[in-house]
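Enquirer: Sharing final.json (JSON, C-alpha atoms) below.
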[["chain", "number", "residue", "atom", "x", "y", "z"],
["M", 28, "MET", "CA", -43.07, 28.12, 7.89],
["M", 29, "PHE", "CA", -40.67, 25.58, 6.33],
["M", 30, "SER", "CA", -39.93, 25.64, 2.64],
["M", 31, "LYS", "CA", -39.28, 22.51, 0.66],
["M", 32, "SER", "CA", -35.74, 22.33, -0.67],
["M", 33, "THR", "CA", -35.61, 21.34, -4.29],
["M", 34, "THR", "CA", -32.60, 20.15, -6.22],
["M", 35, "TYR", "CA", -32.47, 21.48, -9.74],
["M", 36, "CYS", "CA", -30.97, 19.76, -12.74],
["M", 37, "LEU", "CA", -28.19, 21.59, -14.50],
["M", 38, "LYS", "CA", -29.58, 21.22, -18.03],
["M", 39, "ASN", "CA", -32.93, 22.99, -17.89],
["M", 40, "ASP", "CA", -33.41, 24.43, -14.37],
["M", 41, "SER", "CA", -36.29, 22.07, -13.70],
["M", 42, "PRO", "CA", -36.53, 19.93, -10.56],
["M", 43, "CYS", "CA", -34.62, 16.67, -10.83],
["M", 44, "PRO", "CA", -36.62, 13.49, -10.39],
["M", 45, "GLN", "CA", -36.00, 11.71, -7.09],
["M", 46, "LYS", "CA", -34.14, 8.43, -7.37],
["M", 47, "LYS", "CA", -36.24, 5.58, -6.04],
["M", 48, "MET", "CA", -34.55, 2.92, -3.96],
["M", 49, "THR", "CA", -35.28, -0.26, -5.87],
["M", 50, "TYR", "CA", -34.72, -3.85, -4.88],
["M", 51, "SER", "CA", -31.75, -3.95, -7.27],
["M", 52, "ASN", "CA", -30.15, -0.90, -5.64],
["M", 53, "LYS", "CA", -30.61, -2.40, -2.17],
["M", 54, "MET", "CA", -29.06, -5.72, -3.22],
["M", 55, "HIS", "CA", -26.13, -3.91, -4.84],
["M", 56, "GLY", "CA", -25.50, -2.04, -1.59],
["M", 57, "LEU", "CA", -25.70, -5.24, 0.45],
["M", 58, "LEU", "CA", -23.31, -7.04, -1.89],
["M", 59, "ASN", "CA", -20.82, -4.17, -1.66],
["M", 60, "ALA", "CA", -21.00, -4.30, 2.14],
["M", 61, "PHE", "CA", -20.57, -8.10, 2.10],
["M", 62, "PHE", "CA", -17.48, -8.01, -0.14],
["M", 63, "LEU", "CA", -15.97, -5.18, 1.88],
["M", 64, "SER", "CA", -16.47, -7.29, 5.02],
["M", 65, "LEU", "CA", -14.72, -10.23, 3.34],
["M", 66, "VAL", "CA", -11.74, -8.07, 2.39],
["M", 67, "ILE", "CA", -11.42, -6.75, 5.94],
["M", 68, "LEU", "CA", -11.73, -10.26, 7.40],
["M", 69, "ASN", "CA", -9.06, -11.53, 5.01],
["M", 70, "LEU", "CA", -6.67, -8.75, 6.05],
["M", 71, "VAL", "CA", -7.23, -9.48, 9.74],
["M", 72, "LEU", "CA", -6.68, -13.22, 9.31],
["M", 73, "ALA", "CA", -3.61, -12.70, 7.13],
["M", 74, "SER", "CA", -2.01, -10.55, 9.80],
["M", 75, "CYS", "CA", -2.45, -13.39, 12.30],
["M", 76, "THR", "CA", -0.44, -15.86, 10.22],
["M", 77, "ARG", "CA", 2.65, -13.80, 9.44],
["M", 78, "CYS", "CA", 6.04, -15.32, 10.08],
["M", 79, "ASP", "CA", 7.71, -13.51, 12.93],
["M", 80, "CYS", "CA", 10.88, -15.53, 13.43],
["M", 81, "LYS", "CA", 13.09, -14.26, 16.23],
["M", 82, "GLU", "CA", 14.57, -17.44, 17.66],
["M", 83, "THR", "CA", 17.57, -19.23, 16.12],
["M", 84, "PHE", "CA", 17.23, -23.01, 15.66],
["M", 85, "ASP", "CA", 18.70, -25.10, 18.50],
["M", 86, "SER", "CA", 19.00, -28.86, 17.86],
["M", 87, "ASN", "CA", 18.84, -29.57, 21.64],
["M", 88, "LYS", "CA", 15.45, -27.93, 22.10],
["M", 89, "VAL", "CA", 12.08, -29.67, 21.72],
["M", 90, "TYR", "CA", 9.89, -27.73, 19.29],
["M", 91, "HIS", "CA", 6.12, -27.88, 19.18],
["M", 92, "LYS", "CA", 3.56, -27.32, 16.42],
["M", 93, "GLY", "CA", 3.52, -23.65, 15.42],
["M", 94, "ASP", "CA", 6.99, -22.78, 16.75],
["M", 95, "LEU", "CA", 9.01, -20.50, 14.48],
["M", 96, "VAL", "CA", 12.80, -20.53, 14.09],
["M", 97, "ILE", "CA", 15.48, -18.98, 11.90],
["M", 98, "TYR", "CA", 17.86, -21.38, 10.16],
["M", 99, "SER", "CA", 20.16, -20.62, 7.20],
["M", 100, "GLY", "CA", 18.60, -17.18, 6.83],
["M", 101, "LYS", "CA", 15.06, -18.53, 6.39],
["M", 102, "CYS", "CA", 12.04, -18.71, 8.67],
["M", 103, "TRP", "CA", 10.76, -22.22, 9.45],
["M", 104, "LYS", "CA", 7.51, -23.31, 11.10],
["M", 105, "ALA", "CA", 7.09, -26.57, 13.03],
["M", 106, "VAL", "CA", 4.12, -28.61, 11.83],
["M", 107, "THR", "CA", 4.46, -31.16, 14.64],
["M", 108, "GLN", "CA", 6.57, -31.79, 17.75],
["M", 109, "GLY", "CA", 10.20, -32.79, 17.33],
["M", 110, "GLN", "CA", 13.80, -32.38, 18.40],
["M", 111, "GLY", "CA", 17.13, -32.48, 16.58],
["M", 112, "ILE", "CA", 15.65, -32.36, 13.06],
["M", 113, "VAL", "CA", 17.36, -29.61, 11.09],
["M", 114, "PRO", "CA", 14.96, -27.38, 9.14],
["M", 115, "GLY", "CA", 15.10, -27.87, 5.39],
["M", 116, "PRO", "CA", 12.99, -28.98, 2.45],
["M", 117, "TRP", "CA", 10.00, -31.12, 3.52],
["M", 118, "GLN", "CA", 10.68, -34.88, 3.64],
["M", 119, "GLN", "CA", 14.39, -34.48, 2.79],
["M", 120, "ASN", "CA", 17.18, -35.55, 5.16],
["M", 121, "GLY", "CA", 14.61, -36.82, 7.67],
["M", 122, "ASN", "CA", 12.73, -33.54, 7.90],
["M", 123, "ASP", "CA", 9.14, -34.26, 8.80],
["M", 124, "ILE", "CA", 8.81, -31.37, 11.25],
["M", 125, "TRP", "CA", 9.60, -28.13, 9.41],
["M", 126, "THR", "CA", 8.06, -26.20, 6.53],
["M", 127, "GLU", "CA", 9.40, -22.91, 5.26],
["M", 128, "CYS", "CA", 7.28, -20.03, 6.49],
["M", 129, "MET", "CA", 6.53, -17.76, 3.53],
["M", 130, "LYS", "CA", 4.00, -15.23, 4.86]]
Can you give me the file's structure in the form of structure tokens?

Expert:
Amino acid sequence: MFSKSTTYCLKNDSPCPQKKMTYSNKMHGLLNAFFLSLVILNLVLASCTRCDCKETFDSNKVYHKGDLVIYSGKCWKAVTQGQGIVPGPWQQNGNDIWTECMK
């Protein structure tokens, strides 16, 4: 009732040998899936840490770790709590609160 479908090789019109799934082929497939998962995870995590500065720095406001501000055209991220410290290069002019956000 049902006929077997056969794939023929192009060179000599004889049936092509079936490829066997070996341990090596399985491991190669698993490694590809693993690395693809790592790439996707990296993209997801990278999107979570982007600098999205919308607020202008205000020296009267208390900032907390993770707060983002714009100052002198750059985005700055608070690494700890503080108030009145102007964003700038780390450990210069008393700055122990801000680091430039580059992502």

Enquirer: Give me, as a PyMOL selection string, all polymer residues having an atom no more than 12 Å from range 86-95 of chain M, counting only C-alpha atoms and skipping those fewer than 2 positions away in the same chain.

Expert: chain M and resi 76-84+97-98+101-114+123-129

Enquirer: Find the distance between CA of Val96 in chain M and CA of Asn122 in chain M and write it in Å to one decimal.

Expert: 14.4 Å

Enquirer: Please indicate the distance in Å from CA of Ser99 in chain M to CA of Asp85 in chain M, rounded to one decimal place.

Expert: 12.2 Å

Enquirer: Can you work out the spacing between CA of Trp117 in chain M and CA of Gly100 in chain M in Å, to one decimal?

Expert: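 Going from CA of Trp117 in chain M over to CA of Gly100 in chain M, I get 16.7 Å.
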